[in-house]
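Enquirer: The structure that follows is given in the form of structure tokens.
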Amino acid sequence: EAAELVSTVKGPVVMCGDMNIFSGVKELDTLIKKTGLELPKDLPLTYPAHKPKKSLDIFLTRGIKEKISVRTINTTISDHLPIVLKF
């Protein structure tokens with residue numbers, strides 16, 4: 001469903017969220033292939049917030065020409081670290 005929705009968008013796209021990809025980013029391969037979305041080069045670890053070991057909170061982009069950076073905010077207000085995309 002997400003791939004169908006993203007594929008209808010003309011122009012730049014930023015898709016983000018808790019992807020629950022416990023087996024790693026390879027779980028996003030089909031979505032990436034169908035949409036042309038790209039992962040940032042350096043995915044920060046976001047889960048669990050107190051001692052992050054997994055990248056579950058993901059930004060995928062398409063058509064962004066500016067340099068993209070992704071970082072987390074160090075806080076434990078949630079079980080996931082907040083993530084910030086900058087371009």
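Labels for the structure tokens follow display order: chains A, B, ..., residues from 1 in each chain, ligands from 1.
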Could you go through region 7-52 of chain A and tell me which residues DSSP, when run on the backbone, assigns to alpha helix (DSSP H), listing them as a list in words?
Expert: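 Result set for region 7-52 of chain A (alpha helix (DSSP H)): Ser7, Asp29, Thr30, Leu31, Ile32, Lys33, Lys34 and Thr35 of chain A.
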Enquirer: If you count only C-alpha atoms, which residues fall within 9 Å of Lys67 (chain A), apart from same-chain ones fewer than 2 positions away, as a tab-separated table (two decimals) with N, CA and C atoms, in the first residue's frame?
Expert:
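What landed in result-v8.tsv:
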```tsv
chain	number	residue	atom	x	y	z
A	64	ILE	N	15.41	14.39	-3.66
A	64	ILE	CA	15.99	15.47	-2.86
A	64	ILE	C	17.40	15.71	-3.39
A	65	LYS	N	17.65	16.89	-3.93
A	65	LYS	CA	18.95	17.18	-4.53
A	65	LYS	C	19.99	17.66	-3.52
A	69	SER	N	21.38	14.63	5.78
A	69	SER	CA	22.01	14.06	6.98
A	69	SER	C	20.90	13.65	7.95
A	86	LYS	N	17.91	16.30	7.93
A	86	LYS	CA	18.26	17.67	7.52
A	86	LYS	C	18.71	17.65	6.07
A	87	PHE	N	18.19	18.60	5.28
A	87	PHE	CA	18.65	18.75	3.90
A	87	PHE	C	18.56	20.18	3.49
```
Enquirer: List the spatial neighbours of Lys41 (chain A) as an NGL selection string - criterion: any atom at most 9 Å away, only C-alpha atoms, same-chain residues fewer than 2 positions off excluded.
Expert: :A and (38-39 or 43 or 68-70)
Enquirer: Write out, as an mmCIF file, in the first residue's frame, the residues just selected, with N, CA and C atoms.
Expert:
```
data_model
loop_
_atom_site.group_PDB
_atom_site.id
_atom_site.type_symbol
_atom_site.label_atom_id
_atom_site.label_comp_id
_atom_site.auth_asym_id
_atom_site.auth_seq_id
_atom_site.Cartn_x
_atom_site.Cartn_y
_atom_site.Cartn_z
ATOM 1 N N GLU A 38 15.242 6.064 -1.556
ATOM 2 C CA GLU A 38 16.604 5.738 -1.141
ATOM 3 C C GLU A 38 16.748 5.918 0.363
ATOM 4 N N LEU A 39 17.612 5.084 0.943
ATOM 5 C CA LEU A 39 17.961 5.215 2.352
ATOM 6 C C LEU A 39 19.108 6.209 2.493
ATOM 7 N N LEU A 43 22.523 5.323 8.718
ATOM 8 C CA LEU A 43 21.300 5.197 9.516
ATOM 9 C C LEU A 43 21.663 5.139 10.991
ATOM 10 N N ILE A 68 21.830 15.211 2.346
ATOM 11 C CA ILE A 68 20.940 14.746 3.412
ATOM 12 C C ILE A 68 21.781 14.237 4.578
ATOM 13 N N SER A 69 21.381 14.633 5.785
ATOM 14 C CA SER A 69 22.006 14.062 6.979
ATOM 15 C C SER A 69 20.899 13.648 7.949
ATOM 16 N N VAL A 70 21.182 12.628 8.714
ATOM 17 C CA VAL A 70 20.223 12.098 9.680
ATOM 18 C C VAL A 70 20.940 11.940 11.015
#
```
Enquirer: Going by DSSP on the backbone, which residues of region 1-86 of chain A come out as strand (DSSP E or B)? List them as a list in words.
Expert: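 The strand (DSSP E or B) subset of region 1-86 of chain A is Val13, Val14, Met15, Cys16, Gly17, Asp18, Glu38, Tyr47, Lys54, Asp57, Ile58, Phe59, Leu60, Thr61, Arg62, Ser69, Val70, Arg71, Thr72, Ile83, Val84, Leu85 and Lys86 of chain A.
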Enquirer: Have a look at A:Leu28, A:Leu81, A:Ala49, A:Leu37 and name the one nearest to Met15 (chain A); count only C-alpha atoms.
Expert: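 When distances to Met15 (chain A) are compared using only C-alpha atoms, the smallest one comes from A:Leu37.
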Enquirer: Between A:Thr76, A:Lys54, A:Tyr47, A:Pro40, which has the minimum distance to Ser23 (chain A) (counting only C-alpha atoms)?
Expert: A:Lys54
Enquirer: Between CA of Ser78 (chain A) and CA of Glu27 (chain A), what is the distance, to one decimal in Å?
Expert: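 Between these atoms lies a distance of 23.9 Å.
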Enquirer: Taking only C-alpha atoms into account, which of A:Asn74, A:Glu1, A:Asp29, A:Thr8 comes nearest Thr46 (chain A)?
Expert: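 Going through A:Asn74, A:Glu1, A:Asp29, A:Thr8 one by one, the smallest distance to Thr46 (chain A) is for A:Asn74.
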Enquirer: Which value, in Å to one decimal, gives the distance between CA of Cys16 (chain A) and CA of Leu85 (chain A)?
Expert: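 CA of Cys16 (chain A) sits 9.5 Å away from CA of Leu85 (chain A).
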Enquirer: May I ask which of the residues A:Ile58, A:Lys10, A:Asp79, A:Ala2 is the closest one to Gly24 (chain A), counting only C-alpha atoms?
Expert: A:Ile58
Enquirer: Between CA of Pro12 (chain A) and CA of Lys26 (chain A), what is the spacing in Å?
Expert: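 Distance reported for this atom pair: 22.9 Å.
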Enquirer: Hey, which of A:Pro82, A:Arg62, A:Ala3, A:Leu31 ends up closest to Asp18 (chain A)? Count only C-alpha atoms.
Expert: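 Counting only C-alpha atoms, the residue closest to Asp18 (chain A) is A:Pro82.
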Enquirer: So that I can check the surroundings of Asp57 (chain A), please list as a list in words every protein, DNA and RNA residue that reaches within 6 Å of it, counting only C-alpha atoms and ignoring chain neighbours fewer than 2 positions away.
Expert: Gly17, Asp18, Met19 and Ser55 of chain A
Enquirer: Considering only C-alpha atoms, can you say which of A:Ile21, A:Val9, A:Glu4, A:Thr35 comes closest to Leu60 (chain A)?
Expert: A:Thr35
